[in-house]
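S.K.: This is the content of entry.pdb (PDB, C-alpha atoms, pLDDT in the B column):
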MODEL        1
ATOM      1  CA  MET O   1       4.128  -0.077   8.152  1.00 50.00           C
ATOM      2  CA  ARG O   2       5.481   2.526  10.525  1.00 50.00           C
ATOM      3  CA  LEU O   3       7.570  -0.023  12.400  1.00 56.00           C
ATOM      4  CA  TYR O   4       9.048  -1.306   9.144  1.00 57.00           C
ATOM      5  CA  ALA O   5       9.888   2.239   8.105  1.00 56.00           C
ATOM      6  CA  ALA O   6      11.674   2.870  11.390  1.00 54.00           C
ATOM      7  CA  GLY O   7      13.364  -0.528  11.222  1.00 60.00           C
ATOM      8  CA  ALA O   8      14.717   0.201   7.763  1.00 62.00           C
ATOM      9  CA  VAL O   9      16.837   3.007   9.229  1.00 57.00           C
ATOM     10  CA  SER O  10      17.737   1.433  12.568  1.00 63.00           C
ATOM     11  CA  ASP O  11      21.449   2.349  12.398  1.00 74.00           C
ATOM     12  CA  VAL O  12      20.922   6.127  12.387  1.00 74.00           C
ATOM     13  CA  SER O  13      20.130   8.809  14.937  1.00 80.00           C
ATOM     14  CA  PRO O  14      16.837   8.797  16.868  1.00 79.00           C
ATOM     15  CA  GLU O  15      15.721  11.928  15.006  1.00 82.00           C
ATOM     16  CA  ILE O  16      16.017  10.154  11.650  1.00 77.00           C
ATOM     17  CA  GLN O  17      14.225   7.120  13.080  1.00 76.00           C
ATOM     18  CA  LEU O  18      11.375   9.350  14.271  1.00 79.00           C
ATOM     19  CA  ALA O  19      11.149  10.998  10.857  1.00 80.00           C
ATOM     20  CA  ALA O  20      11.034   7.567   9.202  1.00 77.00           C
ATOM     21  CA  PHE O  21       8.359   6.474  11.681  1.00 78.00           C
ATOM     22  CA  ARG O  22       6.208   9.504  10.856  1.00 83.00           C
ATOM     23  CA  LEU O  23       6.778   9.170   7.123  1.00 80.00           C
ATOM     24  CA  GLY O  24       5.860   5.488   7.337  1.00 77.00           C
ATOM     25  CA  GLY O  25       2.614   6.384   9.066  1.00 81.00           C
ATOM     26  CA  SER O  26       1.817   8.964   6.403  1.00 81.00           C
ATOM     27  CA  VAL O  27       2.505   6.491   3.617  1.00 76.00           C
ATOM     28  CA  ALA O  28       0.364   3.883   5.385  1.00 79.00           C
ATOM     29  CA  ALA O  29      -2.530   6.343   5.587  1.00 82.00           C
ATOM     30  CA  GLY O  30      -2.080   7.271   1.923  1.00 77.00           C
ATOM     31  CA  SER O  31      -1.958   3.655   0.791  1.00 74.00           C
ATOM     32  CA  HIS O  32      -5.089   2.940   2.818  1.00 79.00           C
ATOM     33  CA  ALA O  33      -6.846   5.813   1.040  1.00 80.00           C
ATOM     34  CA  VAL O  34      -5.792   4.403  -2.345  1.00 74.00           C
ATOM     35  CA  LYS O  35      -7.032   0.938  -1.358  1.00 77.00           C
ATOM     36  CA  ALA O  36     -10.336   2.340  -0.129  1.00 80.00           C
ATOM     37  CA  GLY O  37     -10.736   4.299  -3.363  1.00 76.00           C
ATOM     38  CA  THR O  38     -10.070   1.295  -5.572  1.00 75.00           C
ATOM     39  CA  ARG O  39     -12.454  -0.782  -3.436  1.00 77.00           C
ATOM     40  CA  ILE O  40     -15.173   1.814  -4.021  1.00 79.00           C
ATOM     41  CA  LEU O  41     -14.581   1.563  -7.764  1.00 76.00           C
ATOM     42  CA  ILE O  42     -14.645  -2.232  -7.677  1.00 77.00           C
ATOM     43  CA  ASN O  43     -17.858  -2.282  -5.653  1.00 77.00           C
ATOM     44  CA  THR O  44     -19.674  -0.459  -8.455  1.00 77.00           C
ATOM     45  CA  SER O  45     -19.353  -3.621 -10.543  1.00 72.00           C
ATOM     46  CA  PRO O  46     -22.629  -5.575 -10.618  1.00 75.00           C
ATOM     47  CA  GLU O  47     -21.056  -9.049 -10.598  1.00 75.00           C
ATOM     48  CA  PRO O  48     -19.417 -10.555  -7.494  1.00 74.00           C
ATOM     49  CA  PHE O  49     -16.434 -12.109  -9.283  1.00 77.00           C
ATOM     50  CA  SER O  50     -14.436  -8.854  -9.409  1.00 76.00           C
ATOM     51  CA  ASN O  51     -14.950  -8.288  -5.664  1.00 77.00           C
ATOM     52  CA  TRP O  52     -13.840 -11.824  -4.843  1.00 80.00           C
ATOM     53  CA  THR O  53     -10.822 -11.581  -7.145  1.00 84.00           C
ATOM     54  CA  ALA O  54      -9.786  -8.217  -5.710  1.00 81.00           C
ATOM     55  CA  SER O  55     -10.001  -9.546  -2.152  1.00 80.00           C
ATOM     56  CA  VAL O  56      -7.846 -12.582  -2.936  1.00 86.00           C
ATOM     57  CA  ILE O  57      -5.274 -10.461  -4.777  1.00 85.00           C
ATOM     58  CA  GLU O  58      -5.165  -7.916  -1.922  1.00 81.00           C
ATOM     59  CA  ASP O  59      -4.666 -10.659   0.665  1.00 82.00           C
ATOM     60  CA  GLY O  60      -1.871 -12.220  -1.387  1.00 87.00           C
ATOM     61  CA  LEU O  61      -0.161  -8.870  -1.873  1.00 81.00           C
ATOM     62  CA  VAL O  62      -0.329  -8.097   1.839  1.00 80.00           C
ATOM     63  CA  ILE O  63       1.076 -11.476   2.902  1.00 86.00           C
ATOM     64  CA  GLY O  64       3.781 -11.422   0.236  1.00 86.00           C
ATOM     65  CA  GLY O  65       4.608  -7.778   0.866  1.00 79.00           C
ATOM     66  CA  VAL O  66       4.961  -8.164   4.614  1.00 81.00           C
ATOM     67  CA  ASN O  67       7.216 -11.198   4.209  1.00 86.00           C
ATOM     68  CA  ALA O  68       9.319  -9.461   1.559  1.00 83.00           C
ATOM     69  CA  CYS O  69       9.679  -6.313   3.670  1.00 78.00           C
ATOM     70  CA  ARG O  70      10.681  -8.344   6.708  1.00 83.00           C
ATOM     71  CA  ALA O  71      13.387 -10.044   4.653  1.00 88.00           C
ATOM     72  CA  GLN O  72      14.565  -6.925   2.772  1.00 85.00           C
ATOM     73  CA  PRO O  73      13.401  -3.783   4.652  1.00 79.00           C
ATOM     74  CA  HIS O  74      15.587  -1.460   2.564  1.00 83.00           C
ATOM     75  CA  HIS O  75      13.358  -2.220  -0.462  1.00 82.00           C
ATOM     76  CA  LEU O  76      10.239  -1.000   1.368  1.00 77.00           C
ATOM     77  CA  PRO O  77      10.264   2.627   0.139  1.00 79.00           C
ATOM     78  CA  GLY O  78      10.452   1.588  -3.512  1.00 84.00           C
ATOM     79  CA  VAL O  79       7.763  -1.058  -3.124  1.00 80.00           C
ATOM     80  CA  VAL O  80       5.393   1.346  -1.388  1.00 76.00           C
ATOM     81  CA  ARG O  81       6.051   4.051  -3.979  1.00 82.00           C
ATOM     82  CA  ASN O  82       5.323   1.669  -6.858  1.00 86.00           C
ATOM     83  CA  LEU O  83       2.156   0.269  -5.292  1.00 78.00           C
ATOM     84  CA  CYS O  84       0.820   3.731  -4.453  1.00 77.00           C
ATOM     85  CA  SER O  85       1.582   4.920  -7.979  1.00 83.00           C
ATOM     86  CA  ALA O  86      -0.216   1.925  -9.488  1.00 82.00           C
ATOM     87  CA  GLY O  87      -3.204   2.457  -7.195  1.00 75.00           C
ATOM     88  CA  ASN O  88      -3.253   6.131  -8.076  1.00 76.00           C
ATOM     89  CA  LEU O  89      -3.296   5.306 -11.783  1.00 81.00           C
ATOM     90  CA  VAL O  90      -6.214   2.926 -11.325  1.00 75.00           C
ATOM     91  CA  ALA O  91      -8.132   5.333  -9.096  1.00 71.00           C
ATOM     92  CA  THR O  92      -7.760   8.301 -11.456  1.00 75.00           C
ATOM     93  CA  GLN O  93      -8.894   6.538 -14.626  1.00 73.00           C
ATOM     94  CA  ASP O  94     -12.054   7.770 -16.252  1.00 70.00           C
ATOM     95  CA  TYR O  95     -14.454   4.822 -15.998  1.00 66.00           C
ATOM     96  CA  PRO O  96     -17.760   4.661 -17.880  1.00 67.00           C
ATOM     97  CA  ARG O  97     -20.873   4.954 -15.733  1.00 65.00           C
ATOM     98  CA  HIS O  98     -23.657   2.436 -16.152  1.00 59.00           C
TER      99      HIS O  98
ENDMDL
END
Take the structure in the file and write it out as structure tokens.

M.R.:
Amino acid sequence: MRLYAAGAVSDVSPEIQLAAFRLGGSVAAGSHAVKAGTRILINTSPEPFSNWTASVIEDGLVIGGVNACRAQPHHLPGVVRNLCSAGNLVATQDYPRH
């Protein structure tokens, strides 16, 4: 993620590239926290189908996202923002406890 963030601004000064590199690392850490939080919520489900489905969807999103960001790196900030927002919405919902 950090390398893609720095690569998205490759035609600017080294200071801006470093800032993008650091911001990319921060976003990567934040998105990992969102993923870990949603995984914790999914693991509370008693049936294995939701875990299997979540794993397949996550793998598909990672493969598709990496390929899309390699092809169009200037779209990366918007994609990351939208995915983090969606994960935040899911993670902050009030779920019933069983």

S.K.: Applying 12 Å and only C-alpha atoms, which residues near segment 79-87 of chain O remain after dropping the ones on its own chain fewer than 3 positions away? List them as a ChimeraX atom specification.

M.R.: /O:1-2,4-5,23-39,41,58,61-62,64-66,68-69,72-76,90-93

S.K.: In Å, how far is it from atom CA of Ala54 of chain O to atom CA of Arg70 of chain O?

M.R.: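 Atom CA of Arg70 of chain O lies at a distance of 23.9 Å from atom CA of Ala54 of chain O.
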
S.K.: Report the centre and edge lengths, in Å to one decimal, of an axis-aligned box enclosing every atom of segment 14-25 of chain O listed in the file, padded by 8 Å on each side, as JSON.

M.R.:
{"center_x": 9.7, "center_y": 8.7, "center_z": 12.0, "size_x": 30.2, "size_y": 22.4, "size_z": 25.7}

S.K.: Mind pulling up the distance from atom CA of Ile63 of chain O to atom CA of Glu47 of chain O?

M.R.: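 Answer for the atom CA of Glu47 of chain O to atom CA of Ile63 of chain O separation: 26.0 Å.
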
S.K.: Mind giving me the straight-line distance from atom CA of Asn51 of chain O to atom CA of Pro77 of chain O in Å, one decimal?

M.R.: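 These two atoms are separated by 28.1 Å.
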
S.K.: Restricting the calculation to all atoms listed in the file: of O:Ser13, O:Asp94, O:Ala71, O:Ser55, which residue gets closest to Asn43 of chain O?

M.R.: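 Checking each candidate against Asn43 of chain O, we get O:Ser55 as the closest.
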
S.K.: N, CA and C atoms are what I want for segment 48-73 of chain O; can you complete it accordingly and write them as a PDB file, in the coordinates of the input?

M.R.:
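Output contents, as saved in selection-v5.pdb:
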ATOM      1  N   PRO O  48     -20.235 -10.351  -8.694  1.00 74.00           N
ATOM      2  CA  PRO O  48     -19.417 -10.555  -7.494  1.00 74.00           C
ATOM      3  C   PRO O  48     -18.003 -11.058  -7.780  1.00 74.00           C
ATOM      4  N   PHE O  49     -17.737 -11.514  -8.998  1.00 77.00           N
ATOM      5  CA  PHE O  49     -16.434 -12.109  -9.283  1.00 77.00           C
ATOM      6  C   PHE O  49     -15.302 -11.099  -9.111  1.00 77.00           C
ATOM      7  N   SER O  50     -15.501  -9.849  -9.536  1.00 76.00           N
ATOM      8  CA  SER O  50     -14.436  -8.854  -9.409  1.00 76.00           C
ATOM      9  C   SER O  50     -14.141  -8.543  -7.947  1.00 76.00           C
ATOM     10  N   ASN O  51     -15.171  -8.526  -7.097  1.00 77.00           N
ATOM     11  CA  ASN O  51     -14.950  -8.288  -5.664  1.00 77.00           C
ATOM     12  C   ASN O  51     -14.161  -9.429  -5.048  1.00 77.00           C
ATOM     13  N   TRP O  52     -14.528 -10.651  -5.382  1.00 80.00           N
ATOM     14  CA  TRP O  52     -13.840 -11.824  -4.843  1.00 80.00           C
ATOM     15  C   TRP O  52     -12.388 -11.838  -5.307  1.00 80.00           C
ATOM     16  N   THR O  53     -12.174 -11.592  -6.592  1.00 84.00           N
ATOM     17  CA  THR O  53     -10.822 -11.581  -7.145  1.00 84.00           C
ATOM     18  C   THR O  53      -9.972 -10.491  -6.494  1.00 84.00           C
ATOM     19  N   ALA O  54     -10.529  -9.314  -6.334  1.00 81.00           N
ATOM     20  CA  ALA O  54      -9.786  -8.217  -5.710  1.00 81.00           C
ATOM     21  C   ALA O  54      -9.404  -8.558  -4.273  1.00 81.00           C
ATOM     22  N   SER O  55     -10.304  -9.186  -3.542  1.00 80.00           N
ATOM     23  CA  SER O  55     -10.001  -9.546  -2.152  1.00 80.00           C
ATOM     24  C   SER O  55      -8.874 -10.561  -2.074  1.00 80.00           C
ATOM     25  N   VAL O  56      -8.901 -11.562  -2.945  1.00 86.00           N
ATOM     26  CA  VAL O  56      -7.846 -12.582  -2.936  1.00 86.00           C
ATOM     27  C   VAL O  56      -6.508 -11.967  -3.332  1.00 86.00           C
ATOM     28  N   ILE O  57      -6.515 -11.115  -4.342  1.00 85.00           N
ATOM     29  CA  ILE O  57      -5.274 -10.461  -4.777  1.00 85.00           C
ATOM     30  C   ILE O  57      -4.731  -9.552  -3.663  1.00 85.00           C
ATOM     31  N   GLU O  58      -5.608  -8.786  -3.027  1.00 81.00           N
ATOM     32  CA  GLU O  58      -5.165  -7.916  -1.922  1.00 81.00           C
ATOM     33  C   GLU O  58      -4.551  -8.726  -0.787  1.00 81.00           C
ATOM     34  N   ASP O  59      -5.199  -9.828  -0.420  1.00 82.00           N
ATOM     35  CA  ASP O  59      -4.666 -10.659   0.665  1.00 82.00           C
ATOM     36  C   ASP O  59      -3.302 -11.225   0.293  1.00 82.00           C
ATOM     37  N   GLY O  60      -3.163 -11.690  -0.938  1.00 87.00           N
ATOM     38  CA  GLY O  60      -1.871 -12.220  -1.387  1.00 87.00           C
ATOM     39  C   GLY O  60      -0.792 -11.157  -1.408  1.00 87.00           C
ATOM     40  N   LEU O  61      -1.138  -9.956  -1.854  1.00 81.00           N
ATOM     41  CA  LEU O  61      -0.161  -8.870  -1.873  1.00 81.00           C
ATOM     42  C   LEU O  61       0.263  -8.469  -0.469  1.00 81.00           C
ATOM     43  N   VAL O  62      -0.672  -8.467   0.460  1.00 80.00           N
ATOM     44  CA  VAL O  62      -0.329  -8.097   1.839  1.00 80.00           C
ATOM     45  C   VAL O  62       0.602  -9.147   2.450  1.00 80.00           C
ATOM     46  N   ILE O  63       0.248 -10.412   2.323  1.00 86.00           N
ATOM     47  CA  ILE O  63       1.076 -11.476   2.902  1.00 86.00           C
ATOM     48  C   ILE O  63       2.457 -11.490   2.256  1.00 86.00           C
ATOM     49  N   GLY O  64       2.494 -11.436   0.930  1.00 86.00           N
ATOM     50  CA  GLY O  64       3.781 -11.422   0.236  1.00 86.00           C
ATOM     51  C   GLY O  64       4.587 -10.172   0.538  1.00 86.00           C
ATOM     52  N   GLY O  65       3.908  -9.033   0.597  1.00 79.00           N
ATOM     53  CA  GLY O  65       4.608  -7.778   0.866  1.00 79.00           C
ATOM     54  C   GLY O  65       5.194  -7.710   2.258  1.00 79.00           C
ATOM     55  N   VAL O  66       4.442  -8.177   3.240  1.00 81.00           N
ATOM     56  CA  VAL O  66       4.961  -8.164   4.614  1.00 81.00           C
ATOM     57  C   VAL O  66       6.168  -9.080   4.728  1.00 81.00           C
ATOM     58  N   ASN O  67       6.075 -10.273   4.156  1.00 86.00           N
ATOM     59  CA  ASN O  67       7.216 -11.198   4.209  1.00 86.00           C
ATOM     60  C   ASN O  67       8.431 -10.641   3.474  1.00 86.00           C
ATOM     61  N   ALA O  68       8.200 -10.031   2.317  1.00 83.00           N
ATOM     62  CA  ALA O  68       9.319  -9.461   1.559  1.00 83.00           C
ATOM     63  C   ALA O  68       9.958  -8.292   2.314  1.00 83.00           C
ATOM     64  N   CYS O  69       9.140  -7.460   2.936  1.00 78.00           N
ATOM     65  CA  CYS O  69       9.679  -6.313   3.670  1.00 78.00           C
ATOM     66  C   CYS O  69      10.386  -6.729   4.943  1.00 78.00           C
ATOM     67  N   ARG O  70       9.960  -7.835   5.535  1.00 83.00           N
ATOM     68  CA  ARG O  70      10.681  -8.344   6.708  1.00 83.00           C
ATOM     69  C   ARG O  70      12.049  -8.870   6.293  1.00 83.00           C
ATOM     70  N   ALA O  71      12.119  -9.491   5.120  1.00 88.00           N
ATOM     71  CA  ALA O  71      13.387 -10.044   4.653  1.00 88.00           C
ATOM     72  C   ALA O  71      14.318  -8.961   4.100  1.00 88.00           C
ATOM     73  N   GLN O  72      13.772  -7.974   3.411  1.00 85.00           N
ATOM     74  CA  GLN O  72      14.565  -6.925   2.772  1.00 85.00           C
ATOM     75  C   GLN O  72      13.962  -5.552   3.082  1.00 85.00           C
ATOM     76  N   PRO O  73      14.073  -5.039   4.301  1.00 79.00           N
ATOM     77  CA  PRO O  73      13.401  -3.783   4.652  1.00 79.00           C
ATOM     78  C   PRO O  73      13.889  -2.572   3.868  1.00 79.00           C
TER      79      PRO O  73
END
